[in-house]
$ cat coords.pdb   # PDB, C-alpha atoms and all ligand atoms
ATOM      1  CA  VAL A 180     -13.432 -16.497   1.866
ATOM      2  CA  PRO A 181     -11.808 -17.463   5.187
ATOM      3  CA  ASN A 182      -8.179 -18.558   4.811
ATOM      4  CA  LEU A 183      -7.923 -22.368   4.962
ATOM      5  CA  PHE A 184      -4.846 -22.061   7.174
ATOM      6  CA  PRO A 185      -5.653 -18.966   9.266
ATOM      7  CA  ALA A 186      -2.757 -17.281  11.046
ATOM      8  CA  LEU A 187      -5.166 -15.173  13.125
ATOM      9  CA  ASP A 188      -8.828 -15.022  14.279
ATOM     10  CA  VAL A 189      -9.713 -13.022  11.189
ATOM     11  CA  HIS A 190      -7.762 -14.071   8.116
ATOM     12  CA  GLU A 191      -9.547 -13.774   4.804
ATOM     13  CA  VAL A 192      -8.581 -14.278   1.189
ATOM     14  CA  ILE A 193      -9.959 -11.949  -1.467
ATOM     15  CA  ILE A 194     -10.005 -13.832  -4.747
ATOM     16  CA  GLU A 195      -9.456 -11.051  -7.235
ATOM     17  CA  SER A 196     -10.542 -12.661 -10.478
ATOM     18  CA  PRO A 197     -12.500 -15.659 -11.752
ATOM     19  CA  ASP A 198      -9.716 -16.101 -14.329
ATOM     20  CA  HIS A 199      -6.818 -18.206 -13.010
ATOM     21  CA  GLY A 200      -4.192 -16.570 -15.209
ATOM     22  CA  GLU A 201      -5.161 -12.938 -14.697
ATOM     23  CA  THR A 202      -2.811 -10.768 -12.613
ATOM     24  CA  MET A 203      -3.472  -7.379 -11.060
ATOM     25  CA  ALA A 204      -1.433  -5.735 -13.824
ATOM     26  CA  GLY A 205      -3.781  -7.135 -16.450
ATOM     27  CA  MET A 206      -7.078  -6.361 -14.722
ATOM     28  CA  THR A 207      -9.483  -3.746 -15.997
ATOM     29  CA  SER A 208     -10.001  -0.763 -13.701
ATOM     30  CA  GLY A 209     -13.540  -2.019 -13.162
ATOM     31  CA  ARG A 210     -12.337  -5.322 -11.774
ATOM     32  CA  LEU A 211      -9.689  -3.653  -9.641
ATOM     33  CA  GLU A 212     -12.344  -1.308  -8.296
ATOM     34  CA  GLN A 213     -14.361  -4.357  -7.201
ATOM     35  CA  VAL A 214     -11.294  -5.696  -5.360
ATOM     36  CA  LEU A 215     -10.863  -2.356  -3.543
ATOM     37  CA  ALA A 216     -14.579  -2.266  -2.749
ATOM     38  CA  ALA A 217     -14.299  -5.766  -1.223
ATOM     39  CA  TRP A 218     -11.342  -4.660   0.921
ATOM     40  CA  ARG A 219     -13.278  -1.611   2.106
ATOM     41  CA  GLN A 220     -16.465  -3.525   2.806
ATOM     42  CA  ARG A 221     -14.669  -6.138   4.900
ATOM     43  CA  VAL A 222     -12.959  -3.426   6.977
ATOM     44  CA  LEU A 223     -16.327  -1.746   7.598
ATOM     45  CA  ASP A 224     -17.814  -5.104   8.610
ATOM     46  CA  LEU A 225     -15.121  -5.547  11.284
ATOM     47  CA  ARG A 226     -15.903  -2.218  12.997
ATOM     48  CA  GLY A 227     -17.227  -2.589  16.521
ATOM     49  CA  THR A 228     -15.515  -5.955  17.110
ATOM     50  CA  HIS A 229     -12.416  -6.721  19.224
ATOM     51  CA  ILE A 230     -10.297  -6.105  16.113
ATOM     52  CA  ARG A 231      -8.128  -2.994  16.499
ATOM     53  CA  TYR A 232      -6.358  -3.041  13.156
ATOM     54  CA  VAL A 233      -7.144  -4.556   9.782
ATOM     55  CA  HIS A 234      -4.081  -5.315   7.696
ATOM     56  CA  ILE A 235      -4.740  -5.736   3.971
ATOM     57  CA  PHE A 236      -1.876  -7.055   1.884
ATOM     58  CA  LYS A 237      -0.965  -8.832  -1.295
ATOM     59  CA  ASN A 238       1.990 -11.085  -2.035
ATOM     60  CA  HIS A 239       2.556 -11.400  -5.772
ATOM     61  CA  GLY A 240       5.041 -14.018  -6.949
ATOM     62  CA  VAL A 241       6.851 -16.820  -5.125
ATOM     63  CA  GLU A 242       9.777 -14.571  -4.123
ATOM     64  CA  ALA A 243       7.279 -12.271  -2.382
ATOM     65  CA  GLY A 244       5.821 -15.134  -0.360
ATOM     66  CA  ALA A 245       2.809 -16.069  -2.495
ATOM     67  CA  SER A 246       1.851 -19.703  -2.010
ATOM     68  CA  LEU A 247      -0.993 -19.635  -4.547
ATOM     69  CA  GLU A 248      -0.730 -18.615  -8.169
ATOM     70  CA  HIS A 249      -4.315 -17.386  -8.571
ATOM     71  CA  SER A 250      -4.431 -13.613  -8.053
ATOM     72  CA  HIS A 251      -5.532 -12.852  -4.512
ATOM     73  CA  SER A 252      -5.065 -10.492  -1.602
ATOM     74  CA  GLN A 253      -5.415 -11.130   2.119
ATOM     75  CA  LEU A 254      -7.058  -9.352   5.008
ATOM     76  CA  THR A 255      -6.113  -9.977   8.621
ATOM     77  CA  GLY A 256      -7.771  -8.638  11.749
ATOM     78  CA  LEU A 257      -5.373  -7.901  14.620
ATOM     79  CA  PRO A 258      -6.307  -7.358  18.274
ATOM     80  CA  MET A 259      -3.552  -4.685  18.475
ATOM     81  CA  VAL A 260      -1.982  -2.029  16.273
ATOM     82  CA  PRO A 261       1.117  -3.514  14.616
ATOM     83  CA  HIS A 262       4.555  -2.081  15.407
ATOM     84  CA  ASP A 263       5.229  -0.505  12.007
ATOM     85  CA  VAL A 264       1.895   1.308  12.027
ATOM     86  CA  GLU A 265       2.440   2.450  15.643
ATOM     87  CA  GLU A 266       5.770   3.869  14.529
ATOM     88  CA  GLU A 267       4.218   5.717  11.590
ATOM     89  CA  LEU A 268       1.473   7.079  13.855
ATOM     90  CA  ALA A 269       3.990   8.255  16.468
ATOM     91  CA  GLY A 270       6.312   9.822  13.874
ATOM     92  CA  ALA A 271       3.425  11.572  12.153
ATOM     93  CA  LEU A 272       2.201  12.889  15.510
ATOM     94  CA  ARG A 273       5.656  14.323  16.333
ATOM     95  CA  TYR A 274       5.740  16.054  12.936
ATOM     96  CA  PHE A 275       2.226  17.386  13.459
ATOM     97  CA  ALA A 276       3.175  18.727  16.905
ATOM     98  CA  GLN A 277       6.078  20.675  15.381
ATOM     99  CA  LYS A 278       4.574  21.892  12.126
ATOM    100  CA  ALA A 279       0.807  21.605  12.574
ATOM    101  CA  ARG A 280       0.703  19.764   9.244
ATOM    102  CA  CYS A 281       0.303  16.144   8.179
ATOM    103  CA  ILE A 282       3.647  14.781   6.984
ATOM    104  CA  TYR A 283       1.934  12.713   4.291
ATOM    105  CA  CYS A 284       0.104  15.779   2.937
ATOM    106  CA  ASP A 285       3.576  17.356   2.730
ATOM    107  CA  HIS A 286       4.867  14.273   0.859
ATOM    108  CA  VAL A 287       2.031  14.676  -1.639
ATOM    109  CA  ARG A 288       2.687  18.392  -2.058
ATOM    110  CA  ASP A 289       6.497  18.176  -2.184
ATOM    111  CA  ALA A 290       6.874  15.069  -4.380
ATOM    112  CA  GLY A 291       8.495  17.066  -7.214
ATOM    113  CA  THR A 292      10.866  14.784  -9.133
ATOM    114  CA  ARG A 293       9.784  11.866  -6.929
ATOM    115  CA  ALA A 294       6.276  11.936  -8.398
ATOM    116  CA  VAL A 295       5.519   8.764 -10.353
ATOM    117  CA  LEU A 296       1.900   9.435 -11.359
ATOM    118  CA  ASN A 297      -0.439  12.347 -10.750
ATOM    119  CA  ALA A 298      -4.127  11.542 -10.919
ATOM    120  CA  GLU A 299      -7.075  13.751 -10.052
ATOM    121  CA  HIS A 300      -7.594  12.431  -6.525
ATOM    122  CA  HIS A 301      -4.483  10.327  -5.863
ATOM    123  CA  VAL A 302      -0.739  10.403  -6.418
ATOM    124  CA  ALA A 303       1.908   7.699  -6.728
ATOM    125  CA  ILE A 304       5.312   8.767  -5.414
ATOM    126  CA  ALA A 305       8.722   7.388  -4.598
ATOM    127  CA  PRO A 306       8.864   8.136  -0.844
ATOM    128  CA  PRO A 307      11.661  10.444   0.351
ATOM    129  CA  VAL A 308      13.512   7.693   2.226
ATOM    130  CA  PRO A 309      12.653   4.383   0.522
ATOM    131  CA  ARG A 310      13.922   1.191   2.153
ATOM    132  CA  PHE A 311      13.957  -0.684  -1.139
ATOM    133  CA  PRO A 312      14.674   0.239  -4.771
ATOM    134  CA  PHE A 313      11.447   1.258  -6.542
ATOM    135  CA  GLU A 314       9.410   1.347  -3.334
ATOM    136  CA  THR A 315       6.279   3.247  -4.386
ATOM    137  CA  TRP A 316       3.450   4.739  -2.334
ATOM    138  CA  ILE A 317      -0.034   5.702  -3.453
ATOM    139  CA  LEU A 318      -1.814   8.368  -1.394
ATOM    140  CA  PRO A 319      -5.078  10.275  -1.643
ATOM    141  CA  ARG A 320      -4.507  13.978  -2.306
ATOM    142  CA  ARG A 321      -7.203  14.921   0.171
ATOM    143  CA  HIS A 322      -6.245  14.248   3.767
ATOM    144  CA  ALA A 323      -7.889  11.112   5.214
ATOM    145  CA  SER A 324      -6.589   8.863   7.992
ATOM    146  CA  HIS A 325      -8.746   5.794   7.260
ATOM    147  CA  PHE A 326      -8.776   3.806   4.016
ATOM    148  CA  GLU A 327     -12.362   2.712   4.656
ATOM    149  CA  SER A 328     -13.472   6.359   4.828
ATOM    150  CA  GLU A 329     -12.920   6.651   1.060
ATOM    151  CA  GLU A 330     -16.267   7.155  -0.624
ATOM    152  CA  PRO A 331     -17.212   4.164  -2.798
ATOM    153  CA  GLY A 332     -17.210   6.583  -5.751
ATOM    154  CA  ALA A 333     -13.533   7.409  -5.154
ATOM    155  CA  LEU A 334     -12.441   3.806  -5.573
ATOM    156  CA  ALA A 335     -12.612   3.979  -9.385
ATOM    157  CA  GLY A 336      -9.859   6.605  -9.428
ATOM    158  CA  LEU A 337      -7.821   4.624  -6.919
ATOM    159  CA  ALA A 338      -8.212   1.459  -9.020
ATOM    160  CA  CYS A 339      -6.998   3.362 -12.041
ATOM    161  CA  ILE A 340      -3.796   4.692 -10.451
ATOM    162  CA  LEU A 341      -3.086   1.383  -8.700
ATOM    163  CA  GLY A 342      -3.362  -0.548 -11.968
ATOM    164  CA  GLN A 343      -1.204   1.993 -13.817
ATOM    165  CA  THR A 344       1.459   1.970 -11.106
ATOM    166  CA  ILE A 345       1.690  -1.817 -11.129
ATOM    167  CA  ARG A 346       1.941  -1.833 -14.928
ATOM    168  CA  MET A 347       4.772   0.727 -14.763
ATOM    169  CA  ILE A 348       6.628  -1.421 -12.223
ATOM    170  CA  ASP A 349       6.005  -4.497 -14.401
ATOM    171  CA  GLN A 350       7.363  -2.716 -17.434
ATOM    172  CA  ALA A 351      10.395  -1.126 -15.772
ATOM    173  CA  LEU A 352      11.428  -4.179 -13.759
ATOM    174  CA  ARG A 353      10.217  -7.023 -16.005
ATOM    175  CA  LYS A 354       7.309  -8.273 -13.938
ATOM    176  CA  PRO A 355       8.937  -8.551 -10.527
ATOM    177  CA  ALA A 356       7.424 -10.247  -7.506
ATOM    178  CA  TYR A 357       6.111  -7.598  -5.127
ATOM    179  CA  ASN A 358       4.402  -7.020  -1.800
ATOM    180  CA  LEU A 359       1.644  -4.473  -1.522
ATOM    181  CA  PHE A 360      -0.187  -3.359   1.603
ATOM    182  CA  VAL A 361      -2.462  -0.685   2.986
ATOM    183  CA  HIS A 362      -1.360   1.420   5.944
ATOM    184  CA  THR A 363      -4.333   3.020   7.641
ATOM    185  CA  ALA A 364      -5.353   4.393  11.041
ATOM    186  CA  PRO A 365      -6.563   1.948  13.730
ATOM    187  CA  LEU A 366     -10.140   0.778  13.277
ATOM    188  CA  ASP A 367     -11.276   2.070  16.668
ATOM    189  CA  GLU A 368      -9.834   5.595  16.220
ATOM    190  CA  GLY A 369     -11.856   8.543  14.948
ATOM    191  CA  PRO A 370     -10.493  10.622  12.057
ATOM    192  CA  LEU A 371      -6.888  11.720  12.787
ATOM    193  CA  GLY A 372      -5.431  15.020  11.595
ATOM    194  CA  HIS A 373      -1.837  13.783  11.651
ATOM    195  CA  TYR A 374      -2.124  10.414   9.877
ATOM    196  CA  HIS A 375      -2.876   9.744   6.218
ATOM    197  CA  TRP A 376      -3.684   6.306   4.806
ATOM    198  CA  HIS A 377      -1.610   5.015   1.914
ATOM    199  CA  ILE A 378      -0.709   1.959  -0.106
ATOM    200  CA  GLU A 379       2.927   0.823  -0.167
ATOM    201  CA  ILE A 380       4.210  -1.296  -3.045
ATOM    202  CA  LEU A 381       7.560  -3.019  -2.532
ATOM    203  CA  PRO A 382       9.002  -4.773  -5.586
ATOM    204  CA  LYS A 383      11.033  -7.778  -4.466
ATOM    205  CA  LEU A 384      14.409  -7.014  -6.004
ATOM    206  CA  ALA A 385      16.928  -7.171  -3.180
ATOM    207  CA  LYS A 386      17.430  -9.848  -0.560
ATOM    208  CA  VAL A 387      17.117  -8.672   3.026
ATOM    209  CA  GLY A 388      20.232  -9.795   4.921
ATOM    210  CA  GLY A 389      21.771  -9.820   8.370
ATOM    211  CA  PHE A 390      22.584  -6.137   8.339
ATOM    212  CA  GLU A 391      18.954  -5.182   7.701
ATOM    213  CA  TRP A 392      17.480  -7.782  10.081
ATOM    214  CA  GLY A 393      19.885  -6.843  12.858
ATOM    215  CA  THR A 394      19.681  -3.081  12.594
ATOM    216  CA  GLY A 395      16.437  -2.166  10.867
ATOM    217  CA  ILE A 396      18.599  -0.064   8.532
ATOM    218  CA  HIS A 397      18.161  -0.738   4.805
ATOM    219  CA  ILE A 398      20.843  -0.111   2.227
ATOM    220  CA  ASN A 399      19.257   1.126  -1.001
ATOM    221  CA  GLU A 400      21.488   1.969  -3.938
ATOM    222  CA  LYS A 401      18.723   3.622  -5.930
ATOM    223  CA  THR A 402      17.666   7.159  -5.049
ATOM    224  CA  PRO A 403      13.906   7.807  -5.091
ATOM    225  CA  GLU A 404      14.450  10.389  -7.862
ATOM    226  CA  GLN A 405      16.184   7.742 -10.031
ATOM    227  CA  ALA A 406      13.433   5.223  -9.354
ATOM    228  CA  ALA A 407      10.652   7.700 -10.192
ATOM    229  CA  LYS A 408      12.413   8.684 -13.402
ATOM    230  CA  ALA A 409      12.823   5.058 -14.495
ATOM    231  CA  LEU A 410       9.154   4.324 -13.778
ATOM    232  CA  GLN A 411       8.035   7.427 -15.664
ATOM    233  CA  GLY A 412      10.156   6.304 -18.617
ATOM    234  CA  THR A 413       7.698   3.421 -19.100
ATOM    235  CA  LEU A 414       4.710   5.739 -19.504
ATOM    236  CA  GLY A 415       4.691   5.952 -23.284
ATOM    237  CA  GLU A 416       5.051   2.199 -23.707
ATOM    238  CA  SER A 417       2.643   0.760 -21.165
ATOM    239  CA  LEU A 418      -0.289   3.162 -21.038
TER     240      LEU A 418
HETATM  241 ZN    ZN B 501      -2.524  14.168   5.254
HETATM  242 ZN    ZN B 502       3.262   3.204   5.601
END
$ encode --input "coords.pdb" --output "structure tokens"
Amino acid sequence: VPNLFPALDVHEVIIESPDHGETMAGMTSGRLEQVLAAWRQRVLDLRGTHIRYVHIFKNHGVEAGASLEHSHSQLTGLPMVPHDVEEELAGALRYFAQKARCIYCDHVRDAGTRAVLNAEHHVAIAPPVPRFPFETWILPRRHASHFESEEPGALAGLACILGQTIRMIDQALRKPAYNLFVHTAPLDEGPLGHYHWHIEILPKLAKVGGFEWGTGIHINEKTPEQAAKALQGTLGESL
């Protein structure tokens, strides 16, 4: 549905469940797959418009900025490519120019002790340089620059790993508030060899202060290896 208080031309709310009390962590993979299919379908519907970038995100919990309790995600259409995505695109292009490889494919391959979950078609990893403790990324194993290019059949596997990852974070960190978003290539670009779509999940544990706001540098006391190990420690209990 359109957002009642739109911040942009295109600002939609995806209501994830008919059940008011259900959270993403408690959803069946089937329901989560429907949420992902709705995200994908809305992105496809915005192709060929003036929208250059579709930002899909979810704020879970008051500390993460959620103003509604009922489980939902949001989709915004932007007439430009946002700064953080531009930066990822530019960095990935520099890497590609040097090594002729996608940096995200290398992250998938080299995750090692930073791997959180390994599924058939996707991985969840602690990124090499996380800004926040327990920052977790989900990426497709097969290189793809656009989220919406995922075949509808692949969304079941993605729903599965997304649900499992959120349950691990819930278990390890006692149901924290979190922000989740999709980073993908601009809508009006063809397939890119250097960029790789992914989901970033940022549990809201630390407050961002003047140092971070003023410098863009984040102090994170938890190494990605420690975070991945702590999340993996929940495997036996939650799955
Ligand atoms: Zn790649
Ligand atoms: Zn990203």
$ resolve_selection --input "coords.pdb" --expression "the PyMOL selection byres (((not hetatm)) within 7 of (chain B and resi 502))" --output "list in words"
Val264, Glu267, His362, His377 and Glu379 of chain A
$ residues_near_ligand --input "coords.pdb" --ligand "ligand ZN 501 (chain B)" --cutoff "6 Å" --atoms "all atoms listed in the file" --output "list in words"
Cys281, Tyr283, Cys284, His322, Tyr374 and His375 of chain A
$ residues_around --input "coords.pdb" --residues "region 397-406 of chain A" --least-positions-apart "3" --cutoff "12 Å" --atoms "all atoms listed in the file" --output "PyMOL selection string"
chain A and resi 290-295+304-316+347-348+351-352+382+384-394+409-413
$ resolve_selection --input "coords.pdb" --expression "the PyMOL selection byres (((chain A and resi 244-260) around 6) and not hetatm)" --output "list of chain:residue names"
A:Val189, A:His190, A:Glu191, A:Val192, A:Ile193, A:Ile194, A:Glu195, A:His199, A:Thr202, A:Ile230, A:Arg231, A:Tyr232, A:Val233, A:His234, A:Ile235, A:Phe236, A:Lys237, A:Asn238, A:His239, A:Gly240, A:Val241, A:Glu242, A:Ala243, A:Pro261
$ write_last_selection --input "coords.pdb" --atoms "C-alpha atoms" --output "PDB file, keeping the file's coordinate frame"
ATOM      1  CA  VAL A 189      -9.713 -13.022  11.189  1.00  0.00           C
ATOM      2  CA  HIS A 190      -7.762 -14.071   8.116  1.00  0.00           C
ATOM      3  CA  GLU A 191      -9.547 -13.774   4.804  1.00  0.00           C
ATOM      4  CA  VAL A 192      -8.581 -14.278   1.189  1.00  0.00           C
ATOM      5  CA  ILE A 193      -9.959 -11.949  -1.467  1.00  0.00           C
ATOM      6  CA  ILE A 194     -10.005 -13.832  -4.747  1.00  0.00           C
ATOM      7  CA  GLU A 195      -9.456 -11.051  -7.235  1.00  0.00           C
ATOM      8  CA  HIS A 199      -6.818 -18.206 -13.010  1.00  0.00           C
ATOM      9  CA  THR A 202      -2.811 -10.768 -12.613  1.00  0.00           C
ATOM     10  CA  ILE A 230     -10.297  -6.105  16.113  1.00  0.00           C
ATOM     11  CA  ARG A 231      -8.128  -2.994  16.499  1.00  0.00           C
ATOM     12  CA  TYR A 232      -6.358  -3.041  13.156  1.00  0.00           C
ATOM     13  CA  VAL A 233      -7.144  -4.556   9.782  1.00  0.00           C
ATOM     14  CA  HIS A 234      -4.081  -5.315   7.696  1.00  0.00           C
ATOM     15  CA  ILE A 235      -4.740  -5.736   3.971  1.00  0.00           C
ATOM     16  CA  PHE A 236      -1.876  -7.055   1.884  1.00  0.00           C
ATOM     17  CA  LYS A 237      -0.965  -8.832  -1.295  1.00  0.00           C
ATOM     18  CA  ASN A 238       1.990 -11.085  -2.035  1.00  0.00           C
ATOM     19  CA  HIS A 239       2.556 -11.400  -5.772  1.00  0.00           C
ATOM     20  CA  GLY A 240       5.041 -14.018  -6.949  1.00  0.00           C
ATOM     21  CA  VAL A 241       6.851 -16.820  -5.125  1.00  0.00           C
ATOM     22  CA  GLU A 242       9.777 -14.571  -4.123  1.00  0.00           C
ATOM     23  CA  ALA A 243       7.279 -12.271  -2.382  1.00  0.00           C
ATOM     24  CA  PRO A 261       1.117  -3.514  14.616  1.00  0.00           C
TER      25      PRO A 261
END
$ atom_distance --input "coords.pdb" --atom1 "CA of Ile378 (chain A)" --atom2 "CA of Ala407 (chain A)"
16.2 Å
$ atom_distance --input "coords.pdb" --atom1 "CA of Met203 (chain A)" --atom2 "CA of Ala303 (chain A)"
16.6 Å
$ closest_residue --input "coords.pdb" --among "A:Ile345, A:Ala338, A:Ala186, A:Ala217" --to "Leu414 (chain A)" --atoms "only C-alpha atoms"
A:Ile345
$ atom_distance --input "coords.pdb" --atom1 "CA of Ile340 (chain A)" --atom2 "CA of Val180 (chain A)"
26.3 Å
$ resolve_selection --input "coords.pdb" --expression "the PyMOL selection byres (((chain A and resi 204) around 10) and not hetatm)" --output "list in words"
Glu201, Thr202, Met203, Gly205, Met206, Thr207, Ser208, Leu211, Leu341, Gly342, Gln343, Thr344, Ile345, Arg346, Met347, Ile348, Asp349, Gln350 and Lys354 of chain A
$ residues_around --input "coords.pdb" --residues "region 368-373 of chain A" --least-positions-apart "6" --cutoff "10 Å" --atoms "only C-alpha atoms" --output "list of chain:residue names"
A:Arg231, A:Tyr232, A:Leu268, A:Ala269, A:Gly270, A:Ala271, A:Leu272, A:Arg273, A:Tyr274, A:Phe275, A:Ala276, A:Ala279, A:Arg280, A:Cys281, A:Ile282, A:Tyr283, A:Cys284, A:His322, A:Ala323, A:Ser324, A:His325, A:Ser328
$ axis_aligned_box --input "coords.pdb" --around "region 212-216 of chain A" --padding-each-side "4 Å" --output "JSON"
{"center_x": -12.7, "center_y": -3.5, "center_z": -5.5, "size_x": 11.7, "size_y": 12.4, "size_z": 13.5}
$ closest_residue --input "coords.pdb" --among "A:Glu330, A:Val302, A:Leu366, A:His229" --to "Ile317 (chain A)" --atoms "all atoms listed in the file"
A:Val302
$ residues_around --input "coords.pdb" --residues "Glu327 (chain A)" --least-positions-apart "2" --cutoff "8 Å" --atoms "all atoms listed in the file" --output "JSON, numbers by chain"
{"A": [219, 220, 222, 223, 325, 329, 330]}
$ closest_residue --input "coords.pdb" --among "A:Val361, A:Trp218, A:Ala356, A:Leu334" --to "Lys383 (chain A)" --atoms "all atoms listed in the file"
A:Ala356
$ closest_residue --input "coords.pdb" --among "A:Ser196, A:Ala216, A:Leu381, A:Asp188" --to "Thr228 (chain A)" --atoms "only C-alpha atoms"
A:Asp188
$ closest_residue --input "coords.pdb" --among "A:Leu318, A:Ile380, A:Ala333, A:Ile396" --to "Thr363 (chain A)" --atoms "only C-alpha atoms"
A:Leu318
